[in-house]
Structures are given as structure tokens and as C-alpha cells.
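Here the structure comes first, spelled out in C-alpha cells, and everything after it is commentary.
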Amino acid sequence: MVSVFLLRHHNGPRINRNASVHNIDTSGYHEPEILSIINLIATPEKYDGKKVRIVGYITLYFEGTALFLHKGDLDNVITKNAVWVDISRLAIDSLKKYNNHYVIIDGIFNSHMNGHMGVYSGSVKNITWLELWPPDTQTTIKKRKRIKH
């Protein structure tokens, strides 16, 4: 079942490409490597087939499901600054609250699968975690207020 780490620290849905949002079997779960989309684009061979955790601006549309480095890249259709997010159409329908927002996502990076029409710089598949970013804005704001100068 879902690892204790995921249950205690991450409230976002766990999904796979063929189903709607649900818990998945993560026995043998290993923490993903935390990195930037820039790392994936610059050295895709280094991360091919590895579990990754990245933050970016997600779009969830049929034939347009991708994670962009930032919103400006989406606005200017700079698809090489994005990775395809391999999610089924059924799962896309259940994830609309994440569409057009910054998210944090865990999955397996594939440097050879470049999404619809091959316009993206790789893909993230076998998604195990998706959450809005920042994960808890109110907690972050409260922590900032406590800092004394």
C-alpha cells in the first residue's frame, strides 16, 4: 500500500495513467530524485527511467497534458521547456482542479517519449503523486510571519 511517508506528508492524489485518482501499491517505494525540469531537459539521459520529483506549471487537456518550467513558457508555446505528463483521459477528467496551476509531481522520467506530436522534452509517466504547489500556503505564510528581524 502507499508508503507511510506519502500518507503522512502528502495529501494530493496518487494516480496512474489508466485509472482515476486512487491509492496505488507502492511496496518497494524509493524516494524520487528532487530536481528541476531544467535538469531533465539539459541531461535527459542521466534521468531516463528514474523516479523524479519536479515542480512546474501543469496543463491537463486532451493531447496537451504537460508540465512547463513556468507559465510564461505555456503562454508562449515553448514546448521544449516542458515534459509530457502521461495521464489517461479518465484521470485528466478527475484532476481538473490542478489544471493551469503550479504543482509538484512524482513519476518516472522517460527521455524518449516526447508526447503528442513529439514536441516536448521527454515525459513523466507512472505518476505516484500530484499536489498543488506550494502545498500549504497558509502554513508557509504563518512561518514567515514568525521570523523576527
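Please note that chains go A, B, ... in the order of the C-alpha cells, that every chain numbers its residues from 1, and that ligands are numbered from 1 in the order shown.
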With a distance cut-off of 12 Å and only C-alpha atoms, select the neighbouring residues of range 35-40 of chain A, excluding the residue or stretch itself and same-chain residues fewer than 5 positions from it, and output the selection as a ChimeraX atom specification.
-> /A:45-57,66-70,80-84,104-106,108-112,120-124
Residues within 10 Å of Lys97 in chain A, only C-alpha atoms, excluding chain neighbours under 4 positions, as a CSV table (one decimal) with N, CA and C atoms, in the first residue's frame:
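Full text of out33.csv as output:
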chain,number,residue,atom,x,y,z
A,60,LEU,N,-3.7,20.3,-18.3
A,60,LEU,CA,-4.4,19.0,-18.4
A,60,LEU,C,-5.5,19.0,-19.4
A,92,ILE,N,-7.4,12.6,-16.3
A,92,ILE,CA,-7.4,14.0,-16.6
A,92,ILE,C,-8.8,14.6,-16.2
A,93,ASP,N,-9.8,13.9,-16.5
A,93,ASP,CA,-11.2,14.4,-16.1
A,93,ASP,C,-11.3,14.6,-14.6
A,101,HIS,N,-2.2,25.3,-13.0
A,101,HIS,CA,-1.6,25.7,-11.7
A,101,HIS,C,-0.2,25.1,-11.6
A,132,LEU,N,-0.9,20.5,-5.5
A,132,LEU,CA,-0.8,21.9,-5.8
A,132,LEU,C,0.5,22.4,-5.1
Give me every alpha helix (DSSP H) residue in range 58-140 of chain A, going by DSSP on the backbone, as a list of chain:residue names.
-> A:Lys71, A:Gly72, A:Asp73, A:Leu74, A:Asp75, A:Arg89, A:Leu90, A:Ala91, A:Ile92, A:Asp93, A:Ser94, A:Thr137, A:Gln138, A:Thr139, A:Thr140
Go through A:Thr79, A:Ser94, A:Met113, A:Val85 one by one, measure the shortest atom-to-atom distance of each to Thr128 in chain A using only C-alpha atoms, and give the residue with the smallest value.
->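 Selected residue with least distance to Thr128 in chain A: A:Val85.
The closest residue to Lys71 in chain A, picked from A:Leu95, A:Ala42, A:Ile58, A:Leu90 and counting only C-alpha atoms, is A:Ile58.
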